[in-house]
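Asks: One file: structure.txt (compact mmCIF, C-alpha atoms).
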```txt
# COMPACT_ATOMS: atom_id res chain seq x y z
CA MET C 1 -66.95 5.33 98.08
CA LYS C 2 -69.09 2.85 100.00
CA ARG C 3 -71.29 5.65 101.28
CA TRP C 4 -71.75 6.85 97.74
CA THR C 5 -72.93 3.41 96.60
CA LEU C 6 -75.39 3.25 99.47
CA ALA C 7 -76.77 6.66 98.57
CA LEU C 8 -77.17 5.56 94.98
CA ALA C 9 -78.97 2.40 96.09
CA ALA C 10 -81.34 4.53 98.17
CA ILE C 11 -82.11 6.69 95.14
CA MET C 12 -82.77 3.63 93.02
CA ILE C 13 -85.17 2.19 95.60
CA SER C 14 -87.14 5.41 95.81
CA GLY C 15 -87.18 5.48 92.00
CA ALA C 16 -88.68 2.00 91.94
CA ALA C 17 -91.31 3.01 94.50
CA LEU C 18 -92.31 5.95 92.32
CA ALA C 19 -92.63 3.73 89.28
CA GLN C 20 -95.18 1.57 91.09
CA LYS C 21 -97.71 4.39 90.88
CA SER C 22 -99.58 3.62 87.68
CA ALA C 23 -99.88 6.10 84.85
CA SER C 24 -103.61 6.44 85.40
CA ASP C 25 -103.00 7.29 89.07
CA GLY C 26 -100.68 10.02 87.90
CA ILE C 27 -103.28 11.39 85.52
CA ALA C 28 -105.98 11.22 88.20
CA GLU C 29 -103.69 13.21 90.53
CA TYR C 30 -103.04 15.79 87.81
CA ARG C 31 -106.79 16.15 87.17
CA ALA C 32 -107.52 16.52 90.88
CA MET C 33 -104.97 19.34 91.09
CA LEU C 34 -106.54 21.11 88.12
CA ALA C 35 -110.13 20.51 89.19
CA ASP C 36 -109.70 22.95 92.06
CA GLY C 37 -109.59 25.79 89.56
CA ASN C 38 -111.60 24.32 86.70
CA PRO C 39 -112.02 27.11 84.13
CA ALA C 40 -115.36 25.50 83.20
CA GLU C 41 -116.65 27.67 86.06
CA LEU C 42 -116.04 30.72 83.89
CA PHE C 43 -118.24 29.24 81.17
CA GLU C 44 -120.81 28.27 83.78
CA ALA C 45 -121.06 31.88 84.94
CA LYS C 46 -121.29 33.07 81.34
CA GLY C 47 -124.02 30.52 80.55
CA GLU C 48 -126.10 31.57 83.53
CA ASP C 49 -125.91 35.21 82.41
CA LEU C 50 -126.86 34.27 78.85
CA TRP C 51 -129.92 32.34 80.09
CA LYS C 52 -131.27 35.41 81.90
CA GLN C 53 -130.19 38.02 79.38
CA LYS C 54 -132.60 39.53 76.83
CA ARG C 55 -131.04 38.77 73.45
CA GLY C 56 -131.73 38.14 69.80
CA PRO C 57 -134.12 39.77 67.31
CA LYS C 58 -137.05 39.19 69.70
CA ASN C 59 -135.10 40.63 72.65
CA ALA C 60 -136.17 37.80 74.96
CA THR C 61 -134.53 35.65 77.63
CA LEU C 62 -134.37 31.86 77.57
CA GLU C 63 -136.14 31.61 80.92
CA LYS C 64 -139.25 30.09 79.29
CA CYS C 65 -137.21 27.44 77.46
CA ASP C 66 -138.58 23.93 77.99
CA LEU C 67 -135.69 21.49 78.42
CA GLY C 68 -138.03 18.56 79.06
CA LYS C 69 -139.16 19.24 82.61
CA GLY C 70 -141.43 22.17 81.78
CA PRO C 71 -140.73 25.78 80.75
CA GLY C 72 -137.84 27.29 82.68
CA VAL C 73 -136.97 24.18 84.70
CA VAL C 74 -133.20 23.75 84.52
CA LYS C 75 -132.31 21.62 87.54
CA GLY C 76 -132.37 17.92 86.65
CA ALA C 77 -133.00 18.55 82.94
CA PHE C 78 -129.49 17.57 81.83
CA VAL C 79 -129.60 14.03 83.23
CA GLU C 80 -132.80 13.28 81.25
CA LEU C 81 -131.54 14.36 77.82
CA PRO C 82 -131.72 13.44 74.94
CA ARG C 83 -135.48 13.00 75.03
CA HIS C 84 -138.52 13.42 72.80
CA PHE C 85 -140.11 16.87 72.58
CA ALA C 86 -143.74 17.15 71.49
CA ASP C 87 -143.44 20.68 70.04
CA THR C 88 -140.70 19.76 67.57
CA ASN C 89 -141.76 16.09 67.39
CA LYS C 90 -138.10 15.13 67.56
CA VAL C 91 -135.68 13.54 69.96
CA GLN C 92 -133.25 16.32 70.91
CA ASP C 93 -130.12 16.54 73.00
CA LEU C 94 -129.24 19.51 75.19
CA GLU C 95 -127.52 21.53 72.52
CA SER C 96 -130.01 20.99 69.70
CA ARG C 97 -132.80 21.82 72.18
CA LEU C 98 -131.04 25.04 73.16
CA VAL C 99 -130.82 26.05 69.50
CA THR C 100 -134.58 25.39 69.16
CA CYS C 101 -135.23 27.66 72.15
CA MET C 102 -132.92 30.36 70.78
CA GLU C 103 -134.88 30.19 67.54
CA THR C 104 -138.44 30.15 68.92
CA LEU C 105 -137.96 32.43 71.94
CA GLN C 106 -135.20 34.79 70.86
CA GLY C 107 -135.66 34.75 67.08
CA PHE C 108 -132.15 33.59 66.17
CA ASN C 109 -131.67 31.62 62.96
CA GLY C 110 -131.15 28.05 64.19
CA ALA C 111 -129.75 26.76 60.90
CA GLU C 112 -127.23 29.60 60.94
CA ILE C 113 -126.08 28.68 64.47
CA ALA C 114 -125.78 25.00 63.51
CA LYS C 115 -123.51 25.99 60.61
CA THR C 116 -121.24 28.18 62.77
CA ALA C 117 -117.87 26.64 63.65
CA TYR C 118 -117.40 25.47 67.25
CA GLY C 119 -116.03 28.13 69.53
CA ARG C 120 -117.26 31.02 67.35
CA GLY C 121 -120.14 33.45 67.67
CA GLU C 122 -123.44 32.03 68.88
CA GLN C 123 -122.02 28.50 68.90
CA ASN C 124 -119.77 29.62 71.74
CA ASN C 125 -122.86 30.82 73.62
CA VAL C 126 -124.61 27.47 73.10
CA THR C 127 -121.59 25.75 74.71
CA ALA C 128 -121.62 28.17 77.65
CA LEU C 129 -125.37 27.63 78.16
CA ALA C 130 -124.92 23.84 77.97
CA THR C 131 -122.09 24.08 80.54
CA TRP C 132 -124.29 25.96 83.01
CA ILE C 133 -127.29 23.68 82.48
CA ALA C 134 -125.12 20.58 82.98
CA ALA C 135 -123.67 22.12 86.15
CA GLU C 136 -127.18 22.69 87.53
CA SER C 137 -127.59 18.88 87.50
CA ARG C 138 -124.23 18.14 89.13
CA GLY C 139 -124.43 15.14 91.44
CA LEU C 140 -127.73 13.88 90.00
CA LYS C 141 -127.98 10.46 88.40
CA PHE C 142 -128.66 9.87 84.73
CA ASN C 143 -132.18 8.71 84.08
CA LEU C 144 -133.29 9.14 80.47
CA PRO C 145 -137.00 8.44 79.98
CA ASN C 146 -136.50 6.15 76.93
CA SER C 147 -140.25 5.48 76.86
CA HIS C 148 -141.52 7.30 73.76
CA GLN C 149 -141.45 5.26 70.57
CA GLN C 150 -139.07 7.72 68.90
CA GLU C 151 -136.71 7.61 71.89
CA LYS C 152 -136.52 3.83 71.57
CA VAL C 153 -135.85 4.16 67.84
CA MET C 154 -133.08 6.69 68.52
CA TYR C 155 -131.51 4.34 71.07
CA GLU C 156 -131.47 1.49 68.53
CA VAL C 157 -130.09 3.78 65.79
CA GLY C 158 -127.41 4.99 68.18
CA LYS C 159 -126.45 1.43 68.99
CA ARG C 160 -126.13 0.57 65.29
CA LEU C 161 -124.01 3.68 64.66
CA PHE C 162 -121.84 2.86 67.64
CA PHE C 163 -120.91 -0.51 66.17
CA MET C 164 -120.84 0.56 62.50
CA ARG C 165 -117.37 0.02 61.08
CA SER C 166 -116.37 2.24 58.19
CA GLY C 167 -113.88 4.77 56.89
CA THR C 168 -110.28 4.39 55.78
CA HIS C 169 -109.31 2.76 59.11
CA ASP C 170 -112.32 0.43 59.31
CA PHE C 171 -113.12 1.92 62.71
CA SER C 172 -116.26 2.11 64.80
CA CYS C 173 -116.93 3.84 68.13
CA ALA C 174 -116.84 0.32 69.60
CA SER C 175 -113.25 -0.19 68.40
CA CYS C 176 -112.11 2.05 71.25
CA HIS C 177 -115.11 2.20 73.58
CA GLY C 178 -116.45 -1.36 73.35
CA GLU C 179 -114.54 -3.20 76.07
CA ASP C 180 -113.16 -2.63 79.56
CA GLY C 181 -109.56 -1.76 80.31
CA LYS C 182 -108.56 -0.20 76.98
CA ARG C 183 -106.52 2.93 76.60
CA ILE C 184 -104.98 5.25 74.03
CA ARG C 185 -101.47 6.20 75.14
CA LEU C 186 -102.08 7.12 78.78
CA GLN C 187 -105.81 7.82 78.55
CA ASP C 188 -108.19 5.21 79.89
CA LEU C 189 -111.04 4.60 77.49
CA PRO C 190 -114.46 4.08 79.05
CA ASN C 191 -116.59 1.19 77.88
CA LEU C 192 -119.67 3.04 76.63
CA THR C 193 -121.74 -0.04 75.78
CA LYS C 194 -122.79 -0.16 79.46
CA ASN C 195 -122.80 2.17 82.46
CA PRO C 196 -119.09 3.13 82.65
CA GLY C 197 -119.45 4.48 86.21
CA ASP C 198 -120.03 7.82 87.90
CA GLY C 199 -118.70 10.83 86.06
CA ILE C 200 -117.20 8.86 83.18
CA GLY C 201 -118.02 9.19 79.50
CA PHE C 202 -121.46 10.71 78.90
CA ALA C 203 -121.59 11.92 82.53
CA ALA C 204 -118.44 14.06 82.17
CA TRP C 205 -119.17 16.31 79.17
CA PRO C 206 -119.29 19.32 78.63
CA ALA C 207 -115.69 19.47 79.83
CA TYR C 208 -112.81 21.93 79.79
CA ARG C 209 -109.83 20.67 77.82
CA VAL C 210 -106.66 21.93 79.47
CA SER C 211 -104.41 21.04 76.54
CA ASN C 212 -106.11 23.49 74.18
CA GLY C 213 -107.90 25.74 76.66
CA GLN C 214 -111.30 25.08 75.12
CA MET C 215 -114.70 24.25 76.54
CA TRP C 216 -116.05 21.21 74.74
CA SER C 217 -119.69 20.21 74.53
CA MET C 218 -120.88 16.65 73.83
CA GLN C 219 -121.57 17.59 70.20
CA LEU C 220 -117.98 18.71 69.72
CA ARG C 221 -116.69 15.64 71.58
CA LEU C 222 -118.57 13.35 69.17
CA ASN C 223 -117.34 15.41 66.24
CA ASP C 224 -113.77 14.79 67.43
CA CYS C 225 -114.40 11.04 67.81
CA TYR C 226 -115.46 10.97 64.18
CA ARG C 227 -112.44 13.03 63.18
CA GLN C 228 -110.16 10.49 64.82
CA GLN C 229 -111.97 7.68 63.01
CA ARG C 230 -111.41 9.55 59.71
CA PHE C 231 -115.16 9.79 59.11
CA PRO C 232 -116.77 12.84 57.52
CA PHE C 233 -117.75 15.36 60.22
CA PRO C 234 -121.30 14.88 61.46
CA LEU C 235 -123.43 18.04 61.31
CA PHE C 236 -124.12 19.92 64.54
CA GLY C 237 -127.26 18.55 66.18
CA SER C 238 -127.67 15.91 63.48
CA ASP C 239 -129.88 12.86 64.10
CA ALA C 240 -126.75 10.69 64.14
CA THR C 241 -125.12 12.57 67.01
CA VAL C 242 -128.39 12.77 68.95
CA ALA C 243 -128.90 9.01 68.45
CA LEU C 244 -125.40 8.32 69.82
CA GLY C 245 -126.22 10.61 72.75
CA ALA C 246 -129.42 8.65 73.37
CA TYR C 247 -127.49 5.37 73.26
CA MET C 248 -124.77 6.54 75.67
CA GLY C 249 -127.26 8.38 77.88
CA VAL C 250 -129.56 5.39 78.31
CA ASN C 251 -126.55 3.14 78.96
CA ALA C 252 -125.32 5.56 81.64
CA LYS C 253 -128.54 5.13 83.67
CA GLY C 254 -127.71 5.56 87.36
CA ALA C 255 -124.31 7.17 86.73
CA GLU C 256 -123.67 10.37 88.64
CA ASN C 257 -123.21 13.53 86.58
CA ILE C 258 -119.98 15.45 87.28
CA ALA C 259 -120.17 17.73 84.22
CA PRO C 260 -118.73 20.22 83.58
CA ALA C 261 -115.58 18.17 84.11
CA ILE C 262 -111.93 18.86 83.36
CA LYS C 263 -109.91 16.83 80.87
CA ARG C 264 -106.23 16.74 80.04
CA MET Y 1 -115.42 44.19 78.48
CA ALA Y 2 -113.76 41.18 80.00
CA ASP Y 3 -115.72 38.39 81.63
CA PRO Y 4 -115.84 38.32 85.44
CA MET Y 5 -113.37 36.45 87.63
CA ARG Y 6 -114.36 33.74 90.06
CA ILE Y 7 -112.92 34.44 93.50
CA ARG Y 8 -113.26 32.15 96.50
CA ALA Y 9 -111.76 33.07 99.85
CA GLN Y 10 -111.96 30.80 102.82
CA ALA Y 11 -110.70 31.61 106.32
CA ALA Y 12 -108.98 28.96 108.41
CA GLY Y 13 -107.38 30.03 111.70
CA ASP Y 14 -105.68 33.40 111.35
CA LYS Y 15 -105.34 33.24 107.60
CA ALA Y 16 -107.45 32.83 104.50
CA THR Y 17 -106.82 30.91 101.31
CA VAL Y 18 -107.89 32.81 98.20
CA ARG Y 19 -108.46 31.07 94.87
CA VAL Y 20 -108.91 33.19 91.76
CA LEU Y 21 -109.89 32.06 88.30
CA MET Y 22 -109.50 34.71 85.60
CA SER Y 23 -111.05 34.67 82.17
CA HIS Y 24 -108.41 35.75 79.66
CA GLU Y 25 -107.09 34.60 76.29
CA MET Y 26 -103.41 35.01 77.30
CA GLU Y 27 -102.08 35.03 73.74
CA SER Y 28 -98.32 34.62 73.85
CA GLY Y 29 -97.62 36.42 70.59
CA GLN Y 30 -95.78 33.33 69.33
CA ARG Y 31 -98.68 31.61 67.59
CA LYS Y 32 -99.76 31.98 63.99
CA ASP Y 33 -103.32 31.87 62.71
CA SER Y 34 -104.56 29.72 59.81
CA ALA Y 35 -103.46 32.43 57.35
CA GLY Y 36 -99.90 32.31 58.70
CA LYS Y 37 -100.05 35.70 60.38
CA VAL Y 38 -98.76 36.10 63.93
CA VAL Y 39 -101.53 36.35 66.49
CA PRO Y 40 -100.68 39.52 68.44
CA ALA Y 41 -99.65 39.09 72.07
CA TRP Y 42 -102.45 39.74 74.53
CA TYR Y 43 -101.82 38.84 78.12
CA ILE Y 44 -102.24 39.99 81.69
CA GLN Y 45 -99.31 42.11 82.86
CA ASP Y 46 -100.20 43.29 86.32
CA VAL Y 47 -102.13 41.56 89.05
CA SER Y 48 -102.87 42.93 92.46
CA ALA Y 49 -104.95 41.80 95.38
CA SER Y 50 -106.15 43.76 98.37
CA LEU Y 51 -107.66 42.95 101.72
CA ASN Y 52 -110.24 45.55 102.83
CA GLY Y 53 -108.67 48.05 100.44
CA LYS Y 54 -105.05 47.44 101.56
CA VAL Y 55 -102.81 45.93 98.89
CA VAL Y 56 -101.50 42.53 99.98
CA LEU Y 57 -100.13 41.14 96.72
CA THR Y 58 -98.78 42.48 93.45
CA ALA Y 59 -97.46 40.42 90.60
CA GLU Y 60 -96.04 41.00 87.15
CA TRP Y 61 -97.13 38.38 84.66
CA GLY Y 62 -95.98 37.58 81.17
CA PRO Y 63 -96.99 35.65 78.08
CA ALA Y 64 -95.92 32.30 79.61
CA VAL Y 65 -98.95 32.20 81.91
CA SER Y 66 -101.71 29.89 80.67
CA LYS Y 67 -105.08 30.78 79.19
CA ASN Y 68 -107.80 31.33 81.84
CA PRO Y 69 -105.21 31.54 84.65
CA PHE Y 70 -105.73 30.20 88.15
CA MET Y 71 -104.02 31.89 91.10
CA GLN Y 72 -104.01 30.83 94.71
CA PHE Y 73 -102.52 32.65 97.70
CA VAL Y 74 -102.79 32.85 101.47
CA VAL Y 75 -103.50 36.10 103.34
CA LYS Y 76 -102.53 36.41 106.98
CA GLY Y 77 -105.01 38.08 109.30
CA ALA Y 78 -108.03 37.77 107.00
CA LYS Y 79 -111.25 36.81 108.80
CA ALA Y 80 -114.74 35.89 107.65
CA GLY Y 81 -116.56 38.95 106.33
CA ASP Y 82 -113.41 40.70 105.07
CA LYS Y 83 -113.34 41.88 101.49
CA ILE Y 84 -110.80 40.54 99.01
CA ALA Y 85 -110.48 42.44 95.74
CA VAL Y 86 -108.40 41.28 92.78
CA THR Y 87 -107.45 43.41 89.80
CA TRP Y 88 -105.71 42.52 86.58
CA LYS Y 89 -104.52 44.73 83.76
CA ASP Y 90 -103.48 43.40 80.36
CA ASN Y 91 -101.05 44.69 77.74
CA LYS Y 92 -103.92 46.24 75.75
CA GLY Y 93 -104.79 48.39 78.75
CA ASP Y 94 -107.97 46.48 79.53
CA SER Y 95 -108.52 45.74 83.19
CA ARG Y 96 -110.99 44.12 85.51
CA THR Y 97 -111.61 44.16 89.24
CA ASP Y 98 -113.74 41.71 91.17
CA GLU Y 99 -114.46 41.42 94.84
CA ALA Y 100 -115.34 38.54 97.14
CA THR Y 101 -116.13 38.19 100.82
CA VAL Y 102 -114.06 35.85 102.96
CA SER Y 103 -116.19 32.99 104.25
```
Could you render the structure as structure tokens?
Replies:
Amino acid sequence: MKRWTLALAAIMISGAALAQKSASDGIAEYRAMLADGNPAELFEAKGEDLWKQKRGPKNATLEKCDLGKGPGVVKGAFVELPRHFADTNKVQDLESRLVTCMETLQGFNGAEIAKTAYGRGEQNNVTALATWIAAESRGLKFNLPNSHQQEKVMYEVGKRLFFMRSGTHDFSCASCHGEDGKRIRLQDLPNLTKNPGDGIGFAAWPAYRVSNGQMWSMQLRLNDCYRQQRFPFPLFGSDATVALGAYMGVNAKGAENIAPAIKR
Amino acid sequence: MADPMRIRAQAAGDKATVRVLMSHEMESGQRKDSAGKVVPAWYIQDVSASLNGKVVLTAEWGPAVSKNPFMQFVVKGAKAGDKIAVTWKDNKGDSRTDEATVS
């Protein structure tokens, strides 16, 4: 009987020791286990093929696409987007820029792609391309130019949108992402009003979501933030989403890019 | 045709660790689409791996395996330069084989 009590006490002690590991440690461990076989790699490989493949009505590749560092330069492009492009005279993020290239180089209908639901048809290809392009800048530090007048305007607009409270829940992006140390259930929420650190927030997307087996681009991530705030869905590549990208991207200056990451 | 697999094989001592990432929907046959119709089952049934053409692993999989599955195994006697080939076949009869060199 005494031995039994001792054994039980030993179990209880080890139980207490386990409980000391915080929930976020547990999640970090889970992510590290998954990261070894991150299915984002599959999308990366697909994106690389799509970049070099002759497609569309004009039967052309995307290899002459200018992502901001000159035609065809992919490495380092991701950590400097969104930025202003002279040819479209617009500030564009990675995905809206890719659609522009698919339109001008390959002859696709850009408006048609923007209207396509996420994860379907050409929209799926845009995500795969974005995944590969982000991966080509893995380990580099974010450094958005933020020098052109329009880039500065977009940053300010993004900041306003970030703090704009509205909708049935009177929410803003800042409600969840405006201070340190917040979380939803077990998920830590990064503070996106400043540099949240290497590979956090803007520096982690596109990412593979294990829970639904989908590859998510930044555009889709923002769309989901607005869904959770009960806002109307922003349009793909809209000025609002690009402005938020500019705001988060400029704030993330110096943060190391780990995209494509893996999320729960 | 199915998308390619990603295979990494790394030798350490007298064995090699092989990591395989497969691109597959792995529909369980239990889900319904937005119209309420059952999404037909579509999953990998047979997996095999070979070292320089000699089969070293076979597995039977079912609908409980996740989408885009990841498989890891250790092969004894594999050295740098050896060829590891992995094949899967799904319940629709589609199959795919990819090869990697042990590094």
Asks: Using 10 Å as the limit and counting all atoms listed in the file, can you tabulate each residue of chain C that touches chain Y, with its shortest atom-to-atom distance in Å and the two atoms involved, as JSON lines?
Replies:
```
{"residue": "C:Leu34", "atom": "CA", "partner": "Y:Phe70", "partner_atom": "CA", "distance": 9.1}
{"residue": "C:Asp36", "atom": "CA", "partner": "Y:Arg19", "partner_atom": "CA", "distance": 8.7}
{"residue": "C:Gly37", "atom": "CA", "partner": "Y:Phe70", "partner_atom": "CA", "distance": 6.0}
{"residue": "C:Asn38", "atom": "CA", "partner": "Y:Leu21", "partner_atom": "CA", "distance": 8.1}
{"residue": "C:Pro39", "atom": "CA", "partner": "Y:Asn68", "partner_atom": "CA", "distance": 6.4}
{"residue": "C:Ala40", "atom": "CA", "partner": "Y:Asn68", "partner_atom": "CA", "distance": 9.6}
{"residue": "C:Glu41", "atom": "CA", "partner": "Y:Arg6", "partner_atom": "CA", "distance": 7.6}
{"residue": "C:Leu42", "atom": "CA", "partner": "Y:Ser23", "partner_atom": "CA", "distance": 6.6}
{"residue": "C:Phe43", "atom": "CA", "partner": "Y:Ser23", "partner_atom": "CA", "distance": 9.1}
{"residue": "C:Ala45", "atom": "CA", "partner": "Y:Pro4", "partner_atom": "CA", "distance": 8.3}
{"residue": "C:Lys46", "atom": "CA", "partner": "Y:Asp3", "partner_atom": "CA", "distance": 7.7}
{"residue": "C:Val210", "atom": "CA", "partner": "Y:Lys67", "partner_atom": "CA", "distance": 9.0}
{"residue": "C:Asn212", "atom": "CA", "partner": "Y:Lys67", "partner_atom": "CA", "distance": 8.9}
{"residue": "C:Gly213", "atom": "CA", "partner": "Y:Lys67", "partner_atom": "CA", "distance": 6.3}
{"residue": "C:Gln214", "atom": "CA", "partner": "Y:Lys67", "partner_atom": "CA", "distance": 9.4}
```
Asks: May I have the residues from that selection written out with C-alpha atoms, as an mmCIF file, keeping the file's coordinate frame?
Replies:
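The resulting file, out15.cif, is reproduced below:
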```
data_model
loop_
_atom_site.group_PDB
_atom_site.id
_atom_site.type_symbol
_atom_site.label_atom_id
_atom_site.label_comp_id
_atom_site.auth_asym_id
_atom_site.auth_seq_id
_atom_site.Cartn_x
_atom_site.Cartn_y
_atom_site.Cartn_z
ATOM 1 C CA LEU C 34 -106.540 21.110 88.120
ATOM 2 C CA ASP C 36 -109.700 22.950 92.060
ATOM 3 C CA GLY C 37 -109.590 25.790 89.560
ATOM 4 C CA ASN C 38 -111.600 24.320 86.700
ATOM 5 C CA PRO C 39 -112.020 27.110 84.130
ATOM 6 C CA ALA C 40 -115.360 25.500 83.200
ATOM 7 C CA GLU C 41 -116.650 27.670 86.060
ATOM 8 C CA LEU C 42 -116.040 30.720 83.890
ATOM 9 C CA PHE C 43 -118.240 29.240 81.170
ATOM 10 C CA ALA C 45 -121.060 31.880 84.940
ATOM 11 C CA LYS C 46 -121.290 33.070 81.340
ATOM 12 C CA VAL C 210 -106.660 21.930 79.470
ATOM 13 C CA ASN C 212 -106.110 23.490 74.180
ATOM 14 C CA GLY C 213 -107.900 25.740 76.660
ATOM 15 C CA GLN C 214 -111.300 25.080 75.120
#
```
Asks: For Lys79 (chain Y), which residue out of Y:Met26, Y:Ala16, Y:Val38, Y:Val56 is the nearest one, using only C-alpha atoms?
Replies: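 Nearest to Lys79 (chain Y): Y:Ala16.
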Asks: Calculate how many Å separate CA of Leu51 (chain Y) from CA of Ala100 (chain Y), rounding to one decimal.
Replies: 10.0 Å
Asks: Which of these, Y:Asn52, Y:Trp42, Y:Asp33, Y:Ala2, has the shortest distance to Ala78 (chain Y) once you count all atoms listed in the file?
Replies: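 Comparing Y:Asn52, Y:Trp42, Y:Asp33, Y:Ala2 against Ala78 (chain Y), the winner is Y:Asn52.
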Asks: Please identify all polymer residues within 8 Å of region 140-147 of chain C, counting only C-alpha atoms, omitting same-chain residues fewer than 5 positions from it, and present them as a ChimeraX atom specification.
Replies: /C:76,79-83,152,155,203,249-250,252-257
Asks: Tell me which of Y:Ala41, Y:Gly36, Y:Lys89, Y:Gly81 sits closest to Glu60 (chain Y), counting only C-alpha atoms.
Replies: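 Under the stated criterion, the closest residue is Y:Lys89.
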Asks: Go ahead and compute the interatomic distance for CA of Lys54 (chain C) and CA of Asp94 (chain Y), in Å to one decimal.
Replies: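 Computed distance, CA of Lys54 (chain C) to CA of Asp94 (chain Y), equals 25.7 Å.
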Asks: May I ask which of the residues C:Gly167, C:Gly178, C:Pro71, C:Pro206 is the closest one to Tyr226 (chain C), counting only C-alpha atoms?
Replies: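 The answer is C:Gly167, which sits nearest to Tyr226 (chain C).
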Asks: Between CA of Ser238 (chain C) and CA of Val73 (chain C), measure the distance and give it in Å to one decimal.
Replies: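 CA of Val73 (chain C) lies 24.6 Å from CA of Ser238 (chain C).
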Asks: Excluding Thr193 (chain C) and its own-chain neighbours fewer than 6 positions away, which residues fall within 12 Å of it when counting all atoms listed in the file? Please give them as a PyMOL selection string.
Replies: chain C and resi 155+158-163+173-180+201-202+244-253
